[in-house]
>>> print(open('structure.pdb').read())   # PDB, C-alpha atoms
MODEL        1
ATOM      1  CA  MET N 205       8.009  14.629  36.850
ATOM      2  CA  THR N 206       6.993  16.277  33.636
ATOM      3  CA  SER N 207       9.465  16.309  30.793
ATOM      4  CA  ARG N 208       9.111  20.079  30.577
ATOM      5  CA  TRP N 209      11.389  20.105  33.598
ATOM      6  CA  VAL N 210      13.894  17.592  32.275
ATOM      7  CA  ARG N 211      16.531  20.031  31.090
ATOM      8  CA  LEU N 212      19.342  19.078  28.745
ATOM      9  CA  LYS N 213      20.763  22.571  28.866
ATOM     10  CA  PRO N 214      19.566  25.517  30.870
ATOM     11  CA  ASP N 215      17.479  26.642  27.930
ATOM     12  CA  ILE N 216      16.536  23.278  26.381
ATOM     13  CA  THR N 217      14.013  20.909  27.891
ATOM     14  CA  LEU N 218      13.522  17.306  26.841
ATOM     15  CA  THR N 219      10.200  18.176  25.230
ATOM     16  CA  ASP N 220      11.760  21.061  23.303
ATOM     17  CA  ALA N 221      14.578  18.859  22.083
ATOM     18  CA  LEU N 222      12.138  16.181  21.001
ATOM     19  CA  ARG N 223       9.958  18.699  19.210
ATOM     20  CA  ASP N 224      12.859  20.472  17.535
ATOM     21  CA  GLY N 225      14.468  17.232  16.399
ATOM     22  CA  ASP N 226      11.191  15.754  15.210
ATOM     23  CA  PRO N 227      11.841  14.238  11.757
ATOM     24  CA  ILE N 228       8.256  14.962  10.703
ATOM     25  CA  THR N 229       8.915  18.672  11.178
ATOM     26  CA  TYR N 230      11.702  18.803   8.627
ATOM     27  CA  GLU N 231      10.790  15.833   6.382
ATOM     28  CA  GLY N 232       7.026  16.246   6.331
ATOM     29  CA  GLY N 233       4.589  13.401   6.060
ATOM     30  CA  MET N 234       4.402  10.696   3.466
ATOM     31  CA  VAL N 235       4.645  11.954  -0.095
ATOM     32  CA  GLU N 236       1.349  11.672  -1.953
ATOM     33  CA  ALA N 237       2.790   9.604  -4.798
ATOM     34  CA  GLU N 238       4.344   7.221  -2.315
ATOM     35  CA  ALA N 239       1.051   6.953  -0.430
ATOM     36  CA  GLY N 240      -0.804   6.209  -3.673
ATOM     37  CA  ARG N 241       1.667   3.483  -4.595
ATOM     38  CA  MET N 242       1.399   1.945  -1.145
ATOM     39  CA  LYS N 243      -2.386   2.086  -1.253
ATOM     40  CA  ARG N 244      -2.450   0.192  -4.543
ATOM     41  CA  THR N 245      -0.065  -2.447  -3.176
ATOM     42  CA  ILE N 246      -2.234  -2.939  -0.110
ATOM     43  CA  ALA N 247      -5.474  -3.048  -2.058
ATOM     44  CA  ALA N 248      -3.935  -5.606  -4.415
ATOM     45  CA  ALA N 249      -2.802  -7.676  -1.471
ATOM     46  CA  ALA N 250      -6.301  -7.522  -0.007
ATOM     47  CA  GLY N 251      -7.679  -8.776  -3.324
ATOM     48  CA  ASP N 252      -5.201 -11.651  -3.320
ATOM     49  CA  VAL N 253      -6.304 -12.903   0.072
ATOM     50  CA  PRO N 254      -8.618 -15.753  -0.865
ATOM     51  CA  ALA N 255     -11.953 -15.530   0.860
ATOM     52  CA  ARG N 256     -12.913 -18.751   2.534
ATOM     53  CA  PRO N 257     -15.920 -20.358   0.934
ATOM     54  CA  LEU N 258     -19.052 -20.589   3.035
ATOM     55  CA  ILE N 259     -18.755 -24.354   3.257
ATOM     56  CA  VAL N 260     -15.365 -23.986   5.025
ATOM     57  CA  HIS N 261     -16.853 -21.570   7.564
ATOM     58  CA  ALA N 262     -19.766 -23.952   8.114
ATOM     59  CA  ALA N 263     -17.421 -26.895   8.540
ATOM     60  CA  LEU N 264     -15.239 -24.981  10.993
ATOM     61  CA  ALA N 265     -18.306 -24.008  13.009
ATOM     62  CA  ALA N 266     -19.692 -27.539  12.898
ATOM     63  CA  ILE N 267     -16.580 -29.228  14.295
ATOM     64  CA  PRO N 268     -16.849 -27.948  17.892
ATOM     65  CA  ILE N 269     -20.599 -28.499  17.853
ATOM     66  CA  ALA N 270     -20.134 -32.085  16.728
ATOM     67  CA  ILE N 271     -17.478 -32.686  19.367
ATOM     68  CA  ALA N 272     -19.752 -31.230  22.049
ATOM     69  CA  LEU N 273     -22.656 -33.404  20.911
ATOM     70  CA  VAL N 274     -20.580 -36.577  20.886
ATOM     71  CA  LEU N 275     -19.101 -35.777  24.290
ATOM     72  CA  GLY N 276     -22.495 -34.901  25.724
ATOM     73  CA  SER N 277     -24.048 -38.044  24.348
ATOM     74  CA  THR N 278     -21.232 -40.222  25.673
ATOM     75  CA  LEU N 279     -21.398 -38.643  29.104
ATOM     76  CA  ARG N 280     -25.156 -38.918  29.212
ATOM     77  CA  GLU N 281     -24.979 -42.595  28.367
ATOM     78  CA  ALA N 282     -22.359 -43.162  31.033
ATOM     79  CA  VAL N 283     -24.301 -41.330  33.731
ATOM     80  CA  MET N 284     -27.836 -42.276  32.848
ATOM     81  CA  ALA N 285     -27.257 -45.826  31.667
ATOM     82  CA  PRO N 286     -30.034 -47.934  33.165
ATOM     83  CA  VAL N 287     -28.892 -50.689  35.327
ATOM     84  CA  PRO N 288     -30.344 -53.765  33.762
ATOM     85  CA  ALA N 289     -33.247 -54.974  35.784
ATOM     86  CA  ARG N 290     -32.482 -58.156  37.496
ATOM     87  CA  PRO N 291     -35.769 -59.839  37.876
ATOM     88  CA  ALA N 292     -35.662 -62.725  40.173
ATOM     89  CA  ILE N 293     -38.263 -65.041  41.334
ATOM     90  CA  SER N 294     -37.887 -66.096  44.836
ATOM     91  CA  ALA N 295     -36.597 -69.580  45.050
ATOM     92  CA  SER N 296     -39.086 -70.514  47.674
ATOM     93  CA  ALA N 297     -41.968 -69.711  45.339
ATOM     94  CA  ALA N 298     -40.731 -71.677  42.375
ATOM     95  CA  GLY N 299     -42.732 -74.740  41.590
ATOM     96  CA  ASP N 300     -45.238 -74.118  44.349
ATOM     97  CA  ALA N 301     -48.609 -73.077  42.885
ATOM     98  CA  THR N 302     -50.163 -72.162  46.198
ATOM     99  CA  ALA N 303     -47.239 -70.097  47.597
ATOM    100  CA  ALA N 304     -46.832 -66.371  46.990
ATOM    101  CA  ARG N 305     -44.330 -65.482  44.312
ATOM    102  CA  GLN N 306     -42.304 -62.360  44.212
ATOM    103  CA  LEU N 307     -40.483 -60.500  41.525
ATOM    104  CA  TYR N 308     -37.967 -57.844  42.376
ATOM    105  CA  PHE N 309     -35.614 -55.627  40.482
ATOM    106  CA  GLU N 310     -33.557 -52.521  40.954
ATOM    107  CA  THR N 311     -34.007 -49.277  39.084
ATOM    108  CA  ALA N 312     -31.087 -47.225  37.789
ATOM    109  CA  GLY N 313     -31.267 -45.069  40.878
ATOM    110  CA  GLY N 314     -30.904 -48.062  43.127
ATOM    111  CA  THR N 315     -34.535 -48.347  44.241
ATOM    112  CA  ARG N 316     -35.582 -51.897  44.769
ATOM    113  CA  VAL N 317     -39.025 -52.805  43.465
ATOM    114  CA  ILE N 318     -40.594 -55.955  44.762
ATOM    115  CA  TRP N 319     -43.787 -57.268  43.348
ATOM    116  CA  ILE N 320     -45.529 -59.996  45.298
ATOM    117  CA  PHE N 321     -48.001 -62.201  43.489
ATOM    118  CA  THR N 322     -50.301 -64.097  45.749
ATOM    119  CA  PRO N 323     -52.516 -66.846  44.310
ATOM    120  CA  ASP N 324     -55.616 -65.382  46.010
ATOM    121  CA  GLU N 325     -55.206 -62.014  44.383
ATOM    122  CA  GLU N 326     -54.538 -63.559  40.953
ATOM    123  CA  GLU N 327     -57.815 -65.495  41.100
ATOM    124  CA  LYS N 328     -59.761 -62.322  41.819
TER
ATOM    125  CA  MET P 119     -10.749  11.683   7.415
ATOM    126  CA  THR P 120     -13.121  12.828   4.758
ATOM    127  CA  GLY P 121     -16.824  12.976   5.489
ATOM    128  CA  GLU P 122     -17.503  10.544   2.694
ATOM    129  CA  ALA P 123     -15.039   8.023   4.024
ATOM    130  CA  ALA P 124     -16.519   8.339   7.489
ATOM    131  CA  LEU P 125     -20.006   7.750   6.180
ATOM    132  CA  THR P 126     -18.858   4.775   4.182
ATOM    133  CA  LEU P 127     -17.167   3.233   7.180
ATOM    134  CA  ALA P 128     -20.064   3.972   9.462
ATOM    135  CA  ALA P 129     -22.612   2.472   7.149
ATOM    136  CA  GLY P 130     -20.411  -0.549   6.523
ATOM    137  CA  ARG P 131     -21.418  -0.501   2.878
ATOM    138  CA  MET P 132     -18.023  -1.488   1.529
ATOM    139  CA  GLU P 133     -18.165  -5.050   0.438
ATOM    140  CA  SER P 134     -14.961  -5.781  -1.406
ATOM    141  CA  ALA P 135     -11.836  -6.217   0.651
ATOM    142  CA  PRO P 136      -9.632  -4.014  -1.577
ATOM    143  CA  GLU P 137     -12.093  -1.119  -1.339
ATOM    144  CA  ARG P 138     -12.421  -1.539   2.395
ATOM    145  CA  LEU P 139      -8.630  -1.538   2.738
ATOM    146  CA  ALA P 140      -8.348   1.498   0.515
ATOM    147  CA  VAL P 141     -10.721   3.436   2.762
ATOM    148  CA  LEU P 142      -8.882   2.223   5.843
ATOM    149  CA  PHE P 143      -5.624   3.402   4.289
ATOM    150  CA  ASP P 144      -7.025   6.822   3.388
ATOM    151  CA  VAL P 145      -8.308   7.357   6.895
ATOM    152  CA  HIS P 146      -5.278   6.223   8.862
ATOM    153  CA  HIS P 147      -2.106   6.253   6.776
ATOM    154  CA  ALA P 148      -0.974   9.812   7.554
ATOM    155  CA  ARG P 149      -1.276   9.428  11.312
ATOM    156  CA  LEU P 150       0.316   5.978  11.178
ATOM    157  CA  TYR P 151       3.224   7.223   9.102
ATOM    158  CA  ARG P 152       3.932  10.048  11.557
ATOM    159  CA  LEU P 153       4.107   7.561  14.396
ATOM    160  CA  ALA P 154       6.169   5.102  12.357
ATOM    161  CA  ARG P 155       8.620   7.812  11.317
ATOM    162  CA  ARG P 156       9.101   8.918  14.898
ATOM    163  CA  LEU P 157       9.685   5.333  15.948
ATOM    164  CA  SER P 158      12.157   4.448  13.215
ATOM    165  CA  ARG P 159      15.546   5.603  12.048
ATOM    166  CA  ASP P 160      14.644   6.721   8.563
ATOM    167  CA  ALA P 161      11.761   7.334   6.213
ATOM    168  CA  ASP P 162      12.298   4.064   4.332
ATOM    169  CA  GLU P 163      11.929   2.040   7.481
ATOM    170  CA  ALA P 164       8.840   4.036   8.420
ATOM    171  CA  ARG P 165       7.224   3.414   5.043
ATOM    172  CA  ASP P 166       8.047  -0.264   5.382
ATOM    173  CA  LEU P 167       6.386  -0.366   8.772
ATOM    174  CA  VAL P 168       3.240   1.362   7.549
ATOM    175  CA  GLN P 169       2.935  -0.927   4.555
ATOM    176  CA  GLU P 170       3.485  -4.022   6.693
ATOM    177  CA  THR P 171       0.839  -2.809   9.132
ATOM    178  CA  PHE P 172      -1.757  -2.404   6.405
ATOM    179  CA  LEU P 173      -0.793  -5.741   4.892
ATOM    180  CA  ARG P 174      -1.534  -7.313   8.262
ATOM    181  CA  ALA P 175      -4.892  -5.570   8.124
ATOM    182  CA  ALA P 176      -5.433  -7.033   4.654
ATOM    183  CA  GLY P 177      -4.827 -10.499   6.021
ATOM    184  CA  ALA P 178      -6.869 -10.005   9.170
ATOM    185  CA  ARG P 179     -10.038 -12.051   9.424
ATOM    186  CA  ARG P 180     -11.979  -9.177  10.969
ATOM    187  CA  LEU P 181     -11.231  -5.536  11.636
ATOM    188  CA  PRO P 182     -13.074  -3.259  14.057
ATOM    189  CA  ASP P 183     -15.852  -1.160  12.543
ATOM    190  CA  ALA P 184     -15.388   2.025  14.566
ATOM    191  CA  GLU P 185     -12.675   4.397  13.387
ATOM    192  CA  ARG P 186     -11.227   4.801  16.880
ATOM    193  CA  GLU P 187     -10.936   1.049  17.321
ATOM    194  CA  GLN P 188      -9.403   0.692  13.883
ATOM    195  CA  GLU P 189      -6.772   3.242  14.806
ATOM    196  CA  ALA P 190      -6.010   1.395  18.038
ATOM    197  CA  TRP P 191      -5.753  -1.888  16.142
ATOM    198  CA  LEU P 192      -3.352  -0.410  13.596
ATOM    199  CA  VAL P 193      -1.225   1.354  16.215
ATOM    200  CA  ARG P 194      -0.873  -1.866  18.193
ATOM    201  CA  VAL P 195       0.184  -3.784  15.089
ATOM    202  CA  LEU P 196       2.669  -1.050  14.198
ATOM    203  CA  VAL P 197       4.215  -0.988  17.674
ATOM    204  CA  ASN P 198       4.397  -4.787  17.701
ATOM    205  CA  LEU P 199       6.150  -4.738  14.338
ATOM    206  CA  CYS P 200       8.588  -2.174  15.725
ATOM    207  CA  ARG P 201       9.183  -4.422  18.683
ATOM    208  CA  ASP P 202       9.874  -7.436  16.463
ATOM    209  CA  ARG P 203      12.378  -5.455  14.430
ATOM    210  CA  TRP P 204      13.962  -4.010  17.538
ATOM    211  CA  ARG P 205      14.452  -7.520  18.953
ATOM    212  CA  GLN P 206      15.867  -8.811  15.673
ATOM    213  CA  ALA P 207      18.249  -5.863  15.520
ATOM    214  CA  ASN P 208      19.333  -6.531  19.094
ATOM    215  CA  VAL P 209      20.073 -10.157  18.256
ATOM    216  CA  ARG P 210      22.022  -9.115  15.161
ATOM    217  CA  ARG P 211      23.927  -6.555  17.198
ATOM    218  CA  ARG P 212      24.838  -9.189  19.762
ATOM    219  CA  LEU P 213      25.909 -11.717  17.140
ATOM    220  CA  ALA P 214      27.769  -9.318  14.863
ATOM    221  CA  PRO P 215      28.444  -5.902  16.335
ATOM    222  CA  VAL P 216      28.343  -3.276  13.613
ATOM    223  CA  VAL P 217      30.014   0.070  13.623
ATOM    224  CA  ASP P 218      27.494   2.876  13.810
ATOM    225  CA  SER P 219      28.173   4.997  10.762
ATOM    226  CA  ARG P 220      26.313   8.014  12.068
ATOM    227  CA  GLU P 221      28.118  11.011  13.411
ATOM    228  CA  PRO P 222      29.675  10.178  16.744
ATOM    229  CA  VAL P 223      28.732  12.283  19.719
ATOM    230  CA  THR P 224      31.693  14.155  21.102
ATOM    231  CA  SER P 225      31.830  16.352  24.107
ATOM    232  CA  ALA P 226      33.066  19.249  21.937
ATOM    233  CA  ASN P 227      29.982  19.504  19.727
ATOM    234  CA  GLN P 228      27.566  18.552  22.457
ATOM    235  CA  GLU P 229      27.534  22.174  23.373
ATOM    236  CA  THR P 230      25.382  23.068  20.439
ATOM    237  CA  ALA P 231      21.659  22.942  20.838
ATOM    238  CA  LEU P 232      21.290  21.124  17.512
ATOM    239  CA  LEU P 233      23.365  18.237  18.668
ATOM    240  CA  ALA P 234      21.567  18.108  21.972
ATOM    241  CA  LYS P 235      18.390  17.519  20.011
ATOM    242  CA  SER P 236      19.930  14.790  17.904
ATOM    243  CA  VAL P 237      21.287  13.180  21.061
ATOM    244  CA  VAL P 238      17.770  13.060  22.444
ATOM    245  CA  TRP P 239      16.499  11.306  19.354
ATOM    246  CA  ARG P 240      19.353   8.838  19.395
ATOM    247  CA  ALA P 241      18.693   8.207  23.050
ATOM    248  CA  LEU P 242      15.056   7.657  22.210
ATOM    249  CA  GLU P 243      16.071   4.938  19.743
ATOM    250  CA  SER P 244      17.581   2.930  22.553
ATOM    251  CA  LEU P 245      14.276   2.676  24.408
ATOM    252  CA  PRO P 246      12.033  -0.340  23.870
ATOM    253  CA  PRO P 247       9.461   0.409  21.143
ATOM    254  CA  ARG P 248       6.410   0.513  23.371
ATOM    255  CA  ARG P 249       8.083   2.951  25.757
ATOM    256  CA  ARG P 250       9.277   4.999  22.812
ATOM    257  CA  ALA P 251       5.749   5.028  21.419
ATOM    258  CA  VAL P 252       4.388   6.261  24.749
ATOM    259  CA  ILE P 253       6.913   9.104  24.895
ATOM    260  CA  VAL P 254       6.422  10.065  21.258
ATOM    261  CA  MET P 255       2.642  10.074  21.506
ATOM    262  CA  HIS P 256       2.584  11.984  24.772
ATOM    263  CA  GLU P 257       5.337  14.510  24.087
ATOM    264  CA  LEU P 258       4.984  15.093  20.373
ATOM    265  CA  GLU P 259       1.419  14.229  19.520
ATOM    266  CA  ASP P 260      -0.110  15.513  22.753
ATOM    267  CA  VAL P 261      -2.102  12.334  23.176
ATOM    268  CA  SER P 262      -3.532  11.943  26.675
ATOM    269  CA  ILE P 263      -2.478   9.081  28.906
ATOM    270  CA  ALA P 264      -5.974   7.572  28.776
ATOM    271  CA  GLU P 265      -5.960   7.687  24.980
ATOM    272  CA  ILE P 266      -2.475   6.143  24.767
ATOM    273  CA  ALA P 267      -3.684   3.386  27.076
ATOM    274  CA  HIS P 268      -6.600   2.767  24.729
ATOM    275  CA  LEU P 269      -4.435   2.823  21.623
ATOM    276  CA  LEU P 270      -1.872   0.421  23.009
ATOM    277  CA  GLY P 271      -4.394  -1.754  24.813
ATOM    278  CA  VAL P 272      -2.752  -1.355  28.223
ATOM    279  CA  ALA P 273      -3.768   0.167  31.548
ATOM    280  CA  ALA P 274      -3.275   3.884  32.172
ATOM    281  CA  VAL P 275      -0.973   3.049  35.068
ATOM    282  CA  THR P 276       1.245   1.112  32.654
ATOM    283  CA  VAL P 277       1.424   4.135  30.362
ATOM    284  CA  ARG P 278       2.425   6.352  33.294
ATOM    285  CA  TRP P 279       5.061   3.831  34.273
ATOM    286  CA  HIS P 280       6.474   3.722  30.725
ATOM    287  CA  LEU P 281       6.455   7.505  30.629
ATOM    288  CA  SER P 282       8.318   8.041  33.876
ATOM    289  CA  THR P 283      10.726   5.139  33.245
ATOM    290  CA  GLY P 284      11.361   6.388  29.723
ATOM    291  CA  ARG P 285      12.094   9.897  30.928
ATOM    292  CA  ARG P 286      14.454   8.563  33.566
ATOM    293  CA  GLU P 287      16.232   6.381  31.014
ATOM    294  CA  LEU P 288      16.535   9.285  28.590
ATOM    295  CA  ALA P 289      17.915  11.512  31.327
ATOM    296  CA  ARG P 290      20.419   8.814  32.291
ATOM    297  CA  ILE P 291      21.562   8.318  28.680
ATOM    298  CA  LEU P 292      21.853  12.052  28.166
ATOM    299  CA  ARG P 293      23.838  12.480  31.374
ATOM    300  CA  SER P 294      26.256   9.790  30.231
ATOM    301  CA  HIS P 295      26.849  11.774  27.022
ATOM    302  CA  ARG P 296      27.829  14.930  28.849
TER
ENDMDL
END
>>> encode(input="structure.pdb", output="structure tokens")
Amino acid sequence: MTSRWVRLKPDITLTDALRDGDPITYEGGMVEAEAGRMKRTIAAAAGDVPARPLIVHAALAAIPIAIALVLGSTLREAVMAPVPARPAISASAAGDATAARQLYFETAGGTRVIWIFTPDEEEK
Amino acid sequence: MTGEAALTLAAGRMESAPERLAVLFDVHHARLYRLARRLSRDADEARDLVQETFLRAAGARRLPDAEREQEAWLVRVLVNLCRDRWRQANVRRRLAPVVDSREPVTSANQETALLAKSVVWRALESLPPRRRAVIVMHELEDVSIAEIAHLLGVAAVTVRWHLSTGRRELARILRSHR
């Protein structure tokens, strides 16, 4: 439905009524003197707005970066923390110079490493 | 907009905030005032709205560089200011009903075309500001629906909806005055 067809009276459409009653038509636009005064007020207000010093901008930008770094570092430590190796010498080998000795430990990923020291190999 | 102002804006050579605001004002104040005047009851209120809009621009951290985007930014601020005032006025009206001092509409003088026009404008005042802005821009400023959508930052379908709802509401208000 276009407003051309919204009729208030047989000879007046909504658009016509809006156009004919338009305050800009009979008042005109803003008076030049008024516009000049307003412009000065606005320009003065713009001059009053204190510009943030560069250091403040830098600090504001640094805060999220610092938070991200700390978080990342903390998470990395939590995830990648090496499980302390638990070397153990087999009880059976302790104190026996001729028996094979073994050393085993687990890596952070859970792999078990077992080293076996045999007296024959050591002599070579 | 003068060619010089356009060049200045395009080149982004203005460094001081007051000068930048002055150029922004020169480019947009006339168009903004027309819209403000059509959205408000009197010229004083319209001037107030325009000044407040530019003061918001003065306090804004960053304004768009392109003239078209600047206009959209300013129009949105203006319509939002209208909406704030409209809401405040509604609250005041609810809390302390005031007698409207303007000429009452009577069925006797409704017959004149002049009054029919004033009735339309009074009916327009009762619409929410964004809807009013859509009707004013489309009917009086011949702004296309796509352009209104851009200016107000809404979808074209929303503009169409405001337009048809606004027309229906105006027709209903006008019928109730007959």
>>> closest_atom_pairs(input="structure.pdb", of="chain N", to="chain P", cutoff="6 Å", atoms="all atoms listed in the file", output="CSV")
residue,atom,partner,partner_atom,distance
N:Ala221,CA,P:Lys235,CA,4.5
N:Gly225,CA,P:Lys235,CA,5.3
N:Ile246,CA,P:Leu173,CA,5.9
N:Ala247,CA,P:Pro136,CA,4.3
N:Ala250,CA,P:Ala176,CA,4.8
N:Gly251,CA,P:Pro136,CA,5.4
>>> atom_distance(input="structure.pdb", atom1="CA of Glu231 in chain N", atom2="CA of Ala154 in chain P")
13.1 Å
>>> residues_near_point(input="structure.pdb", point="(-47.0, -64.0, 49.9)", cutoff="9 Å", atoms="only C-alpha atoms", output="ChimeraX atom specification")
/N:297,303-306,320-323
>>> atom_distance(input="structure.pdb", atom1="CA of Cys200 in chain P", atom2="CA of Leu157 in chain P")
7.6 Å
>>> axis_aligned_box(input="structure.pdb", around="range 233-249 of chain N", padding_each_side="4 Å", output="JSON")
{"center_x": -0.4, "center_y": 2.9, "center_z": 0.6, "size_x": 18.1, "size_y": 29.1, "size_z": 18.9}
>>> resolve_selection(input="structure.pdb", expression="the PyMOL selection byres ((chain P and resi 194) around 10)", output="ChimeraX atom specification")
/P:171,188-193,195-200,248,268-271
>>> write_last_selection(input="structure.pdb", atoms="C-alpha atoms", output="PDB file, in the frame of the given file")
ATOM      1  CA  THR P 171       0.839  -2.809   9.132  1.00  0.00           C
ATOM      2  CA  GLN P 188      -9.403   0.692  13.883  1.00  0.00           C
ATOM      3  CA  GLU P 189      -6.772   3.242  14.806  1.00  0.00           C
ATOM      4  CA  ALA P 190      -6.010   1.395  18.038  1.00  0.00           C
ATOM      5  CA  TRP P 191      -5.753  -1.888  16.142  1.00  0.00           C
ATOM      6  CA  LEU P 192      -3.352  -0.410  13.596  1.00  0.00           C
ATOM      7  CA  VAL P 193      -1.225   1.354  16.215  1.00  0.00           C
ATOM      8  CA  VAL P 195       0.184  -3.784  15.089  1.00  0.00           C
ATOM      9  CA  LEU P 196       2.669  -1.050  14.198  1.00  0.00           C
ATOM     10  CA  VAL P 197       4.215  -0.988  17.674  1.00  0.00           C
ATOM     11  CA  ASN P 198       4.397  -4.787  17.701  1.00  0.00           C
ATOM     12  CA  LEU P 199       6.150  -4.738  14.338  1.00  0.00           C
ATOM     13  CA  CYS P 200       8.588  -2.174  15.725  1.00  0.00           C
ATOM     14  CA  ARG P 248       6.410   0.513  23.371  1.00  0.00           C
ATOM     15  CA  HIS P 268      -6.600   2.767  24.729  1.00  0.00           C
ATOM     16  CA  LEU P 269      -4.435   2.823  21.623  1.00  0.00           C
ATOM     17  CA  LEU P 270      -1.872   0.421  23.009  1.00  0.00           C
ATOM     18  CA  GLY P 271      -4.394  -1.754  24.813  1.00  0.00           C
TER      19      GLY P 271
END
>>> resolve_selection(input="structure.pdb", expression="the PyMOL selection byres ((chain P and resi 278) around 12)", output="number ranges by chain")
N: 205-206; P: 249, 252-253, 256, 262-267, 272-277, 279-285
>>> write_last_selection(input="structure.pdb", atoms="C-alpha atoms", output="CSV table (one decimal), in the coordinates of the input")
chain,number,residue,atom,x,y,z
N,205,MET,CA,8.0,14.6,36.8
N,206,THR,CA,7.0,16.3,33.6
P,249,ARG,CA,8.1,3.0,25.8
P,252,VAL,CA,4.4,6.3,24.7
P,253,ILE,CA,6.9,9.1,24.9
P,256,HIS,CA,2.6,12.0,24.8
P,262,SER,CA,-3.5,11.9,26.7
P,263,ILE,CA,-2.5,9.1,28.9
P,264,ALA,CA,-6.0,7.6,28.8
P,265,GLU,CA,-6.0,7.7,25.0
P,266,ILE,CA,-2.5,6.1,24.8
P,267,ALA,CA,-3.7,3.4,27.1
P,272,VAL,CA,-2.8,-1.4,28.2
P,273,ALA,CA,-3.8,0.2,31.5
P,274,ALA,CA,-3.3,3.9,32.2
P,275,VAL,CA,-1.0,3.0,35.1
P,276,THR,CA,1.2,1.1,32.7
P,277,VAL,CA,1.4,4.1,30.4
P,279,TRP,CA,5.1,3.8,34.3
P,280,HIS,CA,6.5,3.7,30.7
P,281,LEU,CA,6.5,7.5,30.6
P,282,SER,CA,8.3,8.0,33.9
P,283,THR,CA,10.7,5.1,33.2
P,284,GLY,CA,11.4,6.4,29.7
P,285,ARG,CA,12.1,9.9,30.9
>>> closest_residue(input="structure.pdb", among="P:Val145, P:Val261, P:Asp162, P:Glu243", to="Met234 in chain N", atoms="only C-alpha atoms")
P:Asp162
>>> atom_distance(input="structure.pdb", atom1="CA of His261 in chain N", atom2="CA of Arg180 in chain P")
13.7 Å
>>> residues_around(input="structure.pdb", residues="Arg205 in chain P", least_positions_apart="4", cutoff="12 Å", atoms="only C-alpha atoms", output="PyMOL selection string")
chain P and resi 198-201+209-212+244-247
